[in-house]
file structure-v7.tsv (TSV, N, CA and C atoms)
chain	number	residue	atom	x	y	z
A	562	MET	N	164.60	-102.45	46.05
A	562	MET	CA	163.67	-103.54	46.30
A	562	MET	C	164.44	-104.85	46.22
A	563	ASN	N	164.21	-105.72	47.18
A	563	ASN	CA	164.89	-107.01	47.17
A	563	ASN	C	164.06	-108.04	46.40
A	564	SER	N	164.67	-109.21	46.19
A	564	SER	CA	164.01	-110.24	45.39
A	564	SER	C	162.70	-110.71	46.05
A	565	ASN	N	162.68	-110.81	47.37
A	565	ASN	CA	161.45	-111.26	48.05
A	565	ASN	C	160.30	-110.30	47.81
A	566	SER	N	160.58	-109.00	47.82
A	566	SER	CA	159.54	-108.00	47.58
A	566	SER	C	159.01	-108.10	46.15
A	567	LEU	N	159.91	-108.30	45.20
A	567	LEU	CA	159.48	-108.42	43.80
A	567	LEU	C	158.65	-109.69	43.61
A	568	ILE	N	159.04	-110.75	44.27
A	568	ILE	CA	158.29	-112.01	44.18
A	568	ILE	C	156.89	-111.83	44.79
A	569	LEU	N	156.80	-111.11	45.89
A	569	LEU	CA	155.48	-110.82	46.48
A	569	LEU	C	154.61	-110.01	45.52
A	570	GLU	N	155.22	-109.10	44.78
A	570	GLU	CA	154.47	-108.33	43.77
A	570	GLU	C	153.96	-109.26	42.66
A	571	ALA	N	154.78	-110.22	42.26
A	571	ALA	CA	154.35	-111.18	41.24
A	571	ALA	C	153.17	-112.00	41.76
A	572	LYS	N	153.21	-112.33	43.05
A	572	LYS	CA	152.10	-113.09	43.65
A	572	LYS	C	150.83	-112.25	43.65
A	573	LYS	N	150.94	-110.95	43.92
A	573	LYS	CA	149.78	-110.06	43.84
A	573	LYS	C	149.23	-110.03	42.42
A	574	ALA	N	150.13	-109.99	41.45
A	574	ALA	CA	149.72	-109.98	40.05
A	574	ALA	C	148.98	-111.27	39.70
A	575	MET	N	149.45	-112.38	40.24
A	575	MET	CA	148.84	-113.68	39.96
A	575	MET	C	147.37	-113.70	40.38
A	576	GLU	N	147.04	-112.98	41.44
A	576	GLU	CA	145.67	-112.93	41.91
A	576	GLU	C	144.73	-112.24	40.91
A	577	LYS	N	145.31	-111.49	39.99
A	577	LYS	CA	144.52	-110.78	38.98
A	577	LYS	C	144.28	-111.60	37.71
A	578	ALA	N	144.84	-112.80	37.66
A	578	ALA	CA	144.75	-113.63	36.45
A	578	ALA	C	143.30	-113.96	36.11
A	579	TYR	N	143.06	-114.12	34.83
A	579	TYR	CA	141.77	-114.56	34.32
A	579	TYR	C	142.01	-115.92	33.66
A	580	ALA	N	141.74	-116.98	34.42
A	580	ALA	CA	142.04	-118.34	33.96
A	580	ALA	C	140.86	-119.28	34.21
A	581	PRO	N	139.69	-118.97	33.61
A	581	PRO	CA	138.51	-119.79	33.88
A	581	PRO	C	138.58	-121.18	33.24
A	582	TYR	N	139.45	-121.39	32.28
A	582	TYR	CA	139.50	-122.66	31.56
A	582	TYR	C	140.54	-123.60	32.18
A	583	SER	N	141.75	-123.12	32.34
A	583	SER	CA	142.81	-123.97	32.89
A	583	SER	C	142.86	-123.94	34.41
A	584	LYS	N	142.34	-122.88	35.00
A	584	LYS	CA	142.45	-122.65	36.46
A	584	LYS	C	143.91	-122.49	36.89
A	585	PHE	N	144.81	-122.26	35.94
A	585	PHE	CA	146.25	-122.13	36.20
A	585	PHE	C	146.62	-120.65	36.12
A	586	LYS	N	146.75	-120.03	37.30
A	586	LYS	CA	147.04	-118.60	37.36
A	586	LYS	C	148.54	-118.38	37.46
A	587	VAL	N	149.00	-117.37	36.71
A	587	VAL	CA	150.41	-116.99	36.70
A	587	VAL	C	150.49	-115.49	36.88
A	588	GLY	N	151.48	-115.05	37.62
A	588	GLY	CA	151.71	-113.62	37.81
A	588	GLY	C	153.14	-113.26	37.47
A	589	ALA	N	153.31	-112.02	37.05
A	589	ALA	CA	154.65	-111.49	36.76
A	589	ALA	C	154.71	-110.06	37.26
A	590	ALA	N	155.89	-109.68	37.72
A	590	ALA	CA	156.12	-108.31	38.16
A	590	ALA	C	157.44	-107.83	37.57
A	591	VAL	N	157.38	-106.69	36.91
A	591	VAL	CA	158.56	-106.07	36.31
A	591	VAL	C	159.01	-104.95	37.24
A	592	LEU	N	160.30	-104.91	37.53
A	592	LEU	CA	160.88	-103.86	38.36
A	592	LEU	C	161.69	-102.92	37.48
A	593	LEU	N	161.37	-101.63	37.55
A	593	LEU	CA	162.11	-100.62	36.80
A	593	LEU	C	163.15	-99.95	37.70
A	594	GLU	N	164.12	-99.28	37.10
A	594	GLU	CA	165.20	-98.63	37.84
A	594	GLU	C	164.70	-97.66	38.90
A	595	ASP	N	163.60	-96.98	38.64
A	595	ASP	CA	163.09	-95.98	39.59
A	595	ASP	C	162.21	-96.60	40.68
A	596	GLY	N	162.10	-97.93	40.71
A	596	GLY	CA	161.31	-98.61	41.72
A	596	GLY	C	159.88	-98.92	41.29
A	597	THR	N	159.48	-98.43	40.13
A	597	THR	CA	158.14	-98.72	39.61
A	597	THR	C	157.98	-100.22	39.38
A	598	ILE	N	156.82	-100.72	39.75
A	598	ILE	CA	156.48	-102.14	39.53
A	598	ILE	C	155.31	-102.19	38.55
A	599	ILE	N	155.43	-103.03	37.55
A	599	ILE	CA	154.35	-103.27	36.59
A	599	ILE	C	153.90	-104.72	36.75
A	600	HIS	N	152.62	-104.94	37.00
A	600	HIS	CA	152.06	-106.28	37.14
A	600	HIS	C	151.60	-106.82	35.79
A	601	GLY	N	151.64	-108.12	35.68
A	601	GLY	CA	151.07	-108.81	34.53
A	601	GLY	C	150.50	-110.13	35.00
A	602	ALA	N	149.38	-110.54	34.43
A	602	ALA	CA	148.76	-111.82	34.77
A	602	ALA	C	148.36	-112.51	33.48
A	603	ASN	N	148.24	-113.83	33.54
A	603	ASN	CA	147.79	-114.52	32.34
A	603	ASN	C	146.29	-114.25	32.15
A	604	ILE	N	145.93	-114.09	30.90
A	604	ILE	CA	144.55	-113.80	30.51
A	604	ILE	C	144.16	-114.84	29.47
A	605	GLU	N	143.22	-115.71	29.82
A	605	GLU	CA	142.81	-116.77	28.91
A	605	GLU	C	141.63	-116.35	28.04
A	606	ASN	N	141.43	-117.13	27.00
A	606	ASN	CA	140.31	-116.97	26.10
A	606	ASN	C	139.88	-118.37	25.69
A	607	SER	N	138.61	-118.56	25.41
A	607	SER	CA	138.15	-119.90	25.01
A	607	SER	C	138.85	-120.37	23.74
A	608	SER	N	139.32	-119.46	22.93
A	608	SER	CA	140.19	-119.79	21.81
A	608	SER	C	141.61	-119.61	22.32
A	609	TYR	N	142.21	-120.71	22.80
A	609	TYR	CA	143.47	-120.62	23.54
A	609	TYR	C	144.56	-119.79	22.86
A	610	GLY	N	144.61	-119.80	21.55
A	610	GLY	CA	145.62	-119.02	20.84
A	610	GLY	C	145.49	-117.52	21.08
A	611	LEU	N	144.35	-117.08	21.55
A	611	LEU	CA	144.13	-115.67	21.83
A	611	LEU	C	144.48	-115.30	23.27
A	612	SER	N	144.93	-116.27	24.04
A	612	SER	CA	145.32	-116.03	25.43
A	612	SER	C	146.67	-115.33	25.49
A	613	ASN	N	146.98	-114.75	26.65
A	613	ASN	CA	148.26	-114.07	26.82
A	613	ASN	C	148.86	-114.47	28.17
A	614	CYS	N	150.14	-114.74	28.17
A	614	CYS	CA	150.84	-115.14	29.39
A	614	CYS	C	151.14	-113.93	30.28
A	615	ALA	N	151.39	-114.20	31.54
A	615	ALA	CA	151.67	-113.14	32.52
A	615	ALA	C	152.92	-112.34	32.15
A	616	GLU	N	153.95	-113.03	31.70
A	616	GLU	CA	155.20	-112.36	31.37
A	616	GLU	C	155.00	-111.34	30.26
A	617	ARG	N	154.31	-111.78	29.21
A	617	ARG	CA	154.06	-110.87	28.09
A	617	ARG	C	153.10	-109.76	28.50
A	618	SER	N	152.10	-110.09	29.32
A	618	SER	CA	151.18	-109.04	29.80
A	618	SER	C	151.96	-107.95	30.54
A	619	ALA	N	152.87	-108.35	31.42
A	619	ALA	CA	153.65	-107.37	32.19
A	619	ALA	C	154.56	-106.55	31.28
A	620	LEU	N	155.23	-107.20	30.37
A	620	LEU	CA	156.16	-106.47	29.49
A	620	LEU	C	155.42	-105.56	28.51
A	621	PHE	N	154.32	-106.04	27.96
A	621	PHE	CA	153.54	-105.21	27.05
A	621	PHE	C	152.94	-104.03	27.79
A	622	SER	N	152.51	-104.25	29.04
A	622	SER	CA	151.99	-103.15	29.86
A	622	SER	C	153.07	-102.12	30.15
A	623	THR	N	154.28	-102.58	30.37
A	623	THR	CA	155.39	-101.66	30.61
A	623	THR	C	155.52	-100.69	29.44
A	624	ILE	N	155.49	-101.22	28.24
A	624	ILE	CA	155.61	-100.37	27.05
A	624	ILE	C	154.37	-99.51	26.87
A	625	SER	N	153.18	-100.10	27.01
A	625	SER	CA	151.96	-99.34	26.74
A	625	SER	C	151.73	-98.24	27.77
A	626	GLN	N	152.34	-98.36	28.95
A	626	GLN	CA	152.24	-97.31	29.95
A	626	GLN	C	153.33	-96.25	29.79
A	627	GLY	N	154.14	-96.39	28.74
A	627	GLY	CA	155.12	-95.35	28.42
A	627	GLY	C	156.49	-95.52	29.05
A	628	PHE	N	156.74	-96.66	29.66
A	628	PHE	CA	158.05	-96.88	30.29
A	628	PHE	C	159.04	-97.45	29.28
A	629	ASP	N	160.30	-97.16	29.50
A	629	ASP	CA	161.40	-97.63	28.65
A	629	ASP	C	161.86	-99.00	29.15
A	630	THR	N	161.78	-100.01	28.31
A	630	THR	CA	162.17	-101.35	28.74
A	630	THR	C	163.67	-101.45	29.05
A	631	LYS	N	164.45	-100.50	28.58
A	631	LYS	CA	165.89	-100.50	28.91
A	631	LYS	C	166.10	-100.21	30.39
A	632	LYS	N	165.06	-99.74	31.08
A	632	LYS	CA	165.13	-99.41	32.51
A	632	LYS	C	164.68	-100.57	33.39
A	633	ILE	N	164.42	-101.73	32.79
A	633	ILE	CA	164.02	-102.90	33.58
A	633	ILE	C	165.23	-103.45	34.31
A	634	LYS	N	165.07	-103.62	35.63
A	634	LYS	CA	166.12	-104.21	36.46
A	634	LYS	C	165.87	-105.69	36.73
A	635	GLY	N	164.60	-106.08	36.72
A	635	GLY	CA	164.30	-107.47	37.00
A	635	GLY	C	162.85	-107.80	36.71
A	636	ILE	N	162.59	-109.09	36.66
A	636	ILE	CA	161.23	-109.59	36.49
A	636	ILE	C	161.09	-110.86	37.31
A	637	ALA	N	159.98	-110.97	38.02
A	637	ALA	CA	159.67	-112.18	38.78
A	637	ALA	C	158.41	-112.80	38.19
A	638	ILE	N	158.43	-114.11	38.08
A	638	ILE	CA	157.31	-114.86	37.52
A	638	ILE	C	156.96	-115.97	38.51
A	639	ILE	N	155.67	-116.13	38.80
A	639	ILE	CA	155.26	-117.11	39.80
A	639	ILE	C	153.99	-117.84	39.36
A	640	GLY	N	153.93	-119.10	39.75
A	640	GLY	CA	152.75	-119.90	39.49
A	640	GLY	C	152.67	-121.04	40.48
A	641	ASP	N	151.54	-121.71	40.52
A	641	ASP	CA	151.34	-122.83	41.42
A	641	ASP	C	151.84	-124.09	40.73
A	642	THR	N	153.17	-124.24	40.72
A	642	THR	CA	153.84	-125.35	40.06
A	642	THR	C	154.64	-126.15	41.08
A	643	LYS	N	155.00	-127.37	40.74
A	643	LYS	CA	155.78	-128.21	41.65
A	643	LYS	C	157.17	-127.62	41.85
A	644	ASP	N	157.81	-127.25	40.77
A	644	ASP	CA	159.11	-126.61	40.81
A	644	ASP	C	158.93	-125.15	40.42
A	645	ALA	N	160.00	-124.40	40.38
A	645	ALA	CA	159.91	-123.01	39.93
A	645	ALA	C	159.33	-122.99	38.52
A	646	ILE	N	158.47	-122.02	38.27
A	646	ILE	CA	157.79	-121.93	36.97
A	646	ILE	C	158.80	-121.69	35.85
A	647	SER	N	158.47	-122.14	34.68
A	647	SER	CA	159.34	-121.96	33.52
A	647	SER	C	158.54	-121.29	32.41
A	648	PRO	N	158.99	-120.15	31.90
A	648	PRO	CA	158.26	-119.47	30.84
A	648	PRO	C	158.18	-120.30	29.55
A	649	CYS	N	157.10	-120.11	28.82
A	649	CYS	CA	156.97	-120.77	27.52
A	649	CYS	C	157.96	-120.16	26.53
A	650	GLY	N	158.11	-120.78	25.40
A	650	GLY	CA	159.04	-120.31	24.39
A	650	GLY	C	158.72	-118.91	23.88
A	651	ALA	N	157.44	-118.62	23.69
A	651	ALA	CA	157.05	-117.28	23.22
A	651	ALA	C	157.47	-116.22	24.23
A	652	CYS	N	157.25	-116.50	25.50
A	652	CYS	CA	157.62	-115.53	26.54
A	652	CYS	C	159.14	-115.38	26.63
A	653	ARG	N	159.86	-116.47	26.47
A	653	ARG	CA	161.32	-116.38	26.50
A	653	ARG	C	161.83	-115.46	25.39
A	654	GLN	N	161.23	-115.57	24.20
A	654	GLN	CA	161.67	-114.71	23.10
A	654	GLN	C	161.30	-113.25	23.36
A	655	VAL	N	160.12	-113.00	23.91
A	655	VAL	CA	159.72	-111.62	24.22
A	655	VAL	C	160.63	-111.06	25.31
A	656	ILE	N	160.92	-111.85	26.34
A	656	ILE	CA	161.84	-111.42	27.38
A	656	ILE	C	163.20	-111.11	26.76
A	657	ARG	N	163.65	-111.95	25.86
A	657	ARG	CA	164.95	-111.76	25.20
A	657	ARG	C	165.02	-110.42	24.47
A	658	GLU	N	163.93	-110.07	23.82
A	658	GLU	CA	163.95	-108.82	23.05
A	658	GLU	C	163.72	-107.58	23.91
A	659	LEU	N	162.93	-107.68	24.96
A	659	LEU	CA	162.52	-106.49	25.69
A	659	LEU	C	163.26	-106.25	27.01
A	660	VAL	N	163.84	-107.28	27.59
A	660	VAL	CA	164.47	-107.14	28.90
A	660	VAL	C	165.99	-107.04	28.72
A	661	PRO	N	166.62	-106.05	29.35
A	661	PRO	CA	168.08	-105.92	29.22
A	661	PRO	C	168.81	-107.17	29.71
A	662	LYS	N	169.97	-107.43	29.09
A	662	LYS	CA	170.74	-108.62	29.43
A	662	LYS	C	171.16	-108.68	30.89
A	663	ASN	N	171.36	-107.53	31.51
A	663	ASN	CA	171.82	-107.51	32.90
A	663	ASN	C	170.68	-107.60	33.92
A	664	ALA	N	169.45	-107.67	33.45
A	664	ALA	CA	168.30	-107.78	34.37
A	664	ALA	C	168.26	-109.19	34.98
A	665	VAL	N	167.79	-109.24	36.20
A	665	VAL	CA	167.66	-110.52	36.90
A	665	VAL	C	166.25	-111.07	36.67
A	666	ILE	N	166.16	-112.36	36.43
A	666	ILE	CA	164.89	-113.03	36.22
A	666	ILE	C	164.71	-114.04	37.35
A	667	TYR	N	163.59	-113.92	38.07
A	667	TYR	CA	163.28	-114.85	39.17
A	667	TYR	C	162.13	-115.74	38.73
A	668	LEU	N	162.36	-117.03	38.72
A	668	LEU	CA	161.35	-118.03	38.41
A	668	LEU	C	160.95	-118.67	39.73
A	669	CYS	N	159.67	-118.64	40.08
A	669	CYS	CA	159.24	-119.00	41.43
A	669	CYS	C	158.00	-119.90	41.42
A	670	ASN	N	157.78	-120.52	42.57
A	670	ASN	CA	156.50	-121.19	42.80
A	670	ASN	C	155.95	-120.74	44.15
A	671	LEU	N	154.75	-121.17	44.47
A	671	LEU	CA	154.10	-120.73	45.70
A	671	LEU	C	154.69	-121.35	46.96
A	672	ASP	N	155.50	-122.38	46.79
A	672	ASP	CA	156.13	-123.04	47.94
A	672	ASP	C	157.47	-122.41	48.31
A	673	GLY	N	157.85	-121.34	47.63
A	673	GLY	CA	159.08	-120.64	47.97
A	673	GLY	C	160.30	-121.04	47.17
A	674	LYS	N	160.14	-121.90	46.21
A	674	LYS	CA	161.28	-122.26	45.35
A	674	LYS	C	161.53	-121.10	44.39
A	675	VAL	N	162.79	-120.68	44.30
A	675	VAL	CA	163.17	-119.56	43.44
A	675	VAL	C	164.44	-119.94	42.68
A	676	ILE	N	164.41	-119.71	41.39
A	676	ILE	CA	165.61	-119.83	40.57
A	676	ILE	C	165.91	-118.43	40.06
A	677	GLU	N	167.11	-117.95	40.36
A	677	GLU	CA	167.57	-116.66	39.85
A	677	GLU	C	168.37	-116.93	38.59
A	678	THR	N	167.96	-116.29	37.51
A	678	THR	CA	168.61	-116.55	36.23
A	678	THR	C	168.71	-115.26	35.42
A	679	ASN	N	169.08	-115.40	34.17
A	679	ASN	CA	169.16	-114.26	33.25
A	679	ASN	C	168.75	-114.76	31.87
A	680	ILE	N	168.64	-113.85	30.94
A	680	ILE	CA	168.12	-114.23	29.63
A	680	ILE	C	169.07	-115.16	28.87
A	681	ASP	N	170.38	-115.01	29.07
A	681	ASP	CA	171.31	-115.91	28.37
A	681	ASP	C	171.13	-117.36	28.82
A	682	GLU	N	170.83	-117.56	30.11
A	682	GLU	CA	170.57	-118.91	30.60
A	682	GLU	C	169.18	-119.39	30.21
A	683	LEU	N	168.22	-118.48	30.19
A	683	LEU	CA	166.84	-118.83	29.89
A	683	LEU	C	166.64	-119.16	28.41
A	684	LEU	N	167.35	-118.46	27.55
A	684	LEU	CA	167.22	-118.68	26.11
A	684	LEU	C	168.60	-118.61	25.45
A	685	PRO	N	169.39	-119.68	25.62
A	685	PRO	CA	170.74	-119.68	25.05
A	685	PRO	C	170.71	-119.70	23.52
A	686	PHE	N	171.75	-119.19	22.93
A	686	PHE	CA	171.91	-119.18	21.48
A	686	PHE	C	170.78	-118.44	20.77
A	687	SER	N	170.25	-117.43	21.44
A	687	SER	CA	169.11	-116.71	20.87
A	687	SER	C	169.56	-115.71	19.82
A	688	PHE	N	168.61	-115.31	19.03
A	688	PHE	CA	168.82	-114.32	17.98
A	688	PHE	C	168.21	-113.02	18.43
A	689	ASP	N	168.97	-111.95	18.34
A	689	ASP	CA	168.43	-110.64	18.72
A	689	ASP	C	168.85	-109.61	17.68
A	690	LEU	N	167.89	-109.17	16.92
A	690	LEU	CA	168.11	-108.18	15.88
A	690	LEU	C	168.59	-106.85	16.44
A	691	PHE	N	168.21	-106.55	17.69
A	691	PHE	CA	168.51	-105.26	18.28
A	691	PHE	C	169.62	-105.32	19.32
A	692	GLU	N	170.49	-106.30	19.24
A	692	GLU	CA	171.55	-106.51	20.24
A	692	GLU	C	172.33	-105.24	20.55
A	693	ASP	N	172.72	-104.47	19.56
A	693	ASP	CA	173.55	-103.29	19.77
A	693	ASP	C	172.79	-102.12	20.40
A	694	SER	N	171.49	-102.16	20.38
A	694	SER	CA	170.70	-101.03	20.89
A	694	SER	C	170.41	-101.13	22.38
A	695	LYS	N	170.81	-102.21	23.04
A	695	LYS	CA	170.52	-102.38	24.47
A	695	LYS	C	171.66	-101.89	25.32
call {"tool": "encode", "arguments": {"input": "structure-v7.tsv", "output": "structure tokens"}}
result
Amino acid sequence: MNSNSLILEAKKAMEKAYAPYSKFKVGAAVLLEDGTIIHGANIENSSYGLSNCAERSALFSTISQGFDTKKIKGIAIIGDTKDAISPCGACRQVIRELVPKNAVIYLCNLDGKVIETNIDELLPFSFDLFEDSK
């Protein structure tokens, strides 16, 4: 699967978002080694602290569906932003712990802007308790 296909999957995921308060929909798509795609969308709650971002929804779904996160090849994240979307700090830490270092991360917007990055660039100087297990 190429980057454009993964980004299109993230856009499909974005359509599933539940964002009645902010109206800001975000989608994420995780690509596994075997070609499996896992969608994630942001899910809001009137108590904002109980909301969940698209990135974490996709990664948590990957685990809850029984997939091994070590098999993640890439993740695409998309939103209706001026520039390519940027994950929040909580999502960056979750990505750091669950996504392999060699996985590609695509940060995108609906206008076609794409930044290809990796976790070391996204969260430099990070702490990872499980570094040796990846």
call {"tool": "residues_around", "arguments": {"input": "structure-v7.tsv", "residues": "region 567-577 of chain A", "least_positions_apart": "6", "cutoff": "6.5 Å", "atoms": "all atoms listed in the file", "output": "number ranges by chain"}}
result
A: 586-590, 600-603, 637-639
call {"tool": "closest_atom_pairs", "arguments": {"input": "structure-v7.tsv", "of": "region 562-637 of chain A", "to": "region 677-687 of chain A", "cutoff": "10 Å", "atoms": "only C-alpha atoms", "output": "Markdown table"}}
result
| residue | atom | partner | partner_atom | distance |
| --- | --- | --- | --- | --- |
| A:Ser564 | CA | A:Glu677 | CA | 9.2 |
| A:Gly635 | CA | A:Asn679 | CA | 9.2 |
| A:Ile636 | CA | A:Asn679 | CA | 9.8 |
| A:Ala637 | CA | A:Glu677 | CA | 9.1 |
call {"tool": "axis_aligned_box", "arguments": {"input": "structure-v7.tsv", "around": "region 664-667 of chain A", "padding_each_side": "6 Å", "output": "JSON"}}
result
{"center_x": 165.8, "center_y": -111.7, "center_z": 36.3, "size_x": 19.3, "size_y": 20.1, "size_z": 17.7}
call {"tool": "atom_distance", "arguments": {"input": "structure-v7.tsv", "atom1": "CA of Lys634 (chain A)", "atom2": "CA of Ala651 (chain A)"}}
result
20.7 Å
call {"tool": "closest_residue", "arguments": {"input": "structure-v7.tsv", "among": "A:Ala580, A:Phe688, A:Leu593, A:Phe628", "to": "Glu605 (chain A)", "atoms": "all atoms listed in the file"}}
result
A:Ala580
call {"tool": "atom_distance", "arguments": {"input": "structure-v7.tsv", "atom1": "atom C of Val591 (chain A)", "atom2": "atom C of Lys674 (chain A)"}}
result
17.8 Å
call {"tool": "atom_distance", "arguments": {"input": "structure-v7.tsv", "atom1": "CA of Gly596 (chain A)", "atom2": "CA of Tyr579 (chain A)"}}
result
26.3 Å
call {"tool": "decode", "arguments": {"input": "structure-v7.tsv", "residues": "region 656-675 of chain A", "atoms": "N, CA, C and O atoms", "output": "compact mmCIF listing (two decimals), in the first residue's frame"}}
result
# COMPACT_ATOMS: atom_id res chain seq x y z
N ILE A 656 1.88 7.00 20.56
CA ILE A 656 2.55 6.57 19.33
C ILE A 656 3.96 6.10 19.65
O ILE A 656 4.41 5.06 19.18
N ARG A 657 4.66 6.84 20.49
CA ARG A 657 6.04 6.49 20.88
C ARG A 657 6.11 5.11 21.50
O ARG A 657 7.02 4.33 21.23
N GLU A 658 5.14 4.79 22.33
CA GLU A 658 5.19 3.49 23.00
C GLU A 658 4.68 2.35 22.14
O GLU A 658 5.19 1.23 22.26
N LEU A 659 3.72 2.59 21.27
CA LEU A 659 3.06 1.49 20.56
C LEU A 659 3.51 1.29 19.12
O LEU A 659 3.32 0.21 18.57
N VAL A 660 4.07 2.31 18.49
CA VAL A 660 4.43 2.22 17.08
C VAL A 660 5.93 1.98 16.95
O VAL A 660 6.72 2.70 17.58
N PRO A 661 6.34 0.99 16.15
CA PRO A 661 7.78 0.73 15.99
C PRO A 661 8.52 1.95 15.44
O PRO A 661 7.96 2.74 14.67
N LYS A 662 9.79 2.07 15.83
CA LYS A 662 10.59 3.21 15.42
C LYS A 662 10.73 3.35 13.91
O LYS A 662 10.87 4.44 13.39
N ASN A 663 10.69 2.23 13.20
CA ASN A 663 10.88 2.28 11.74
C ASN A 663 9.59 2.53 10.98
O ASN A 663 9.60 2.61 9.75
N ALA A 664 8.48 2.68 11.68
CA ALA A 664 7.19 2.95 11.02
C ALA A 664 7.17 4.39 10.51
O ALA A 664 7.74 5.29 11.11
N VAL A 665 6.48 4.58 9.40
CA VAL A 665 6.34 5.91 8.82
C VAL A 665 5.06 6.55 9.35
O VAL A 665 4.02 5.89 9.47
N ILE A 666 5.14 7.82 9.67
CA ILE A 666 4.00 8.58 10.17
C ILE A 666 3.71 9.68 9.15
O ILE A 666 4.60 10.47 8.82
N TYR A 667 2.46 9.71 8.66
CA TYR A 667 2.04 10.74 7.71
C TYR A 667 1.08 11.68 8.41
O TYR A 667 0.03 11.27 8.90
N LEU A 668 1.44 12.95 8.44
CA LEU A 668 0.59 14.00 9.01
C LEU A 668 0.02 14.77 7.83
O LEU A 668 0.77 15.27 6.98
N CYS A 669 -1.30 14.87 7.73
CA CYS A 669 -1.95 15.36 6.52
C CYS A 669 -3.07 16.36 6.82
O CYS A 669 -3.57 16.43 7.94
N ASN A 670 -3.45 17.08 5.77
CA ASN A 670 -4.67 17.86 5.84
C ASN A 670 -5.51 17.57 4.60
O ASN A 670 -5.07 16.84 3.70
N LEU A 671 -6.70 18.11 4.55
CA LEU A 671 -7.62 17.82 3.44
C LEU A 671 -7.22 18.48 2.13
O LEU A 671 -7.71 18.11 1.07
N ASP A 672 -6.30 19.43 2.19
CA ASP A 672 -5.83 20.12 0.99
C ASP A 672 -4.65 19.41 0.32
O ASP A 672 -4.09 19.92 -0.64
N GLY A 673 -4.26 18.26 0.85
CA GLY A 673 -3.19 17.49 0.24
C GLY A 673 -1.80 17.73 0.81
O GLY A 673 -0.82 17.17 0.31
N LYS A 674 -1.70 18.53 1.83
CA LYS A 674 -0.39 18.73 2.46
C LYS A 674 -0.07 17.48 3.29
O LYS A 674 -0.89 17.01 4.07
N VAL A 675 1.14 16.96 3.10
CA VAL A 675 1.57 15.75 3.81
C VAL A 675 2.99 15.96 4.33
O VAL A 675 3.86 16.40 3.58
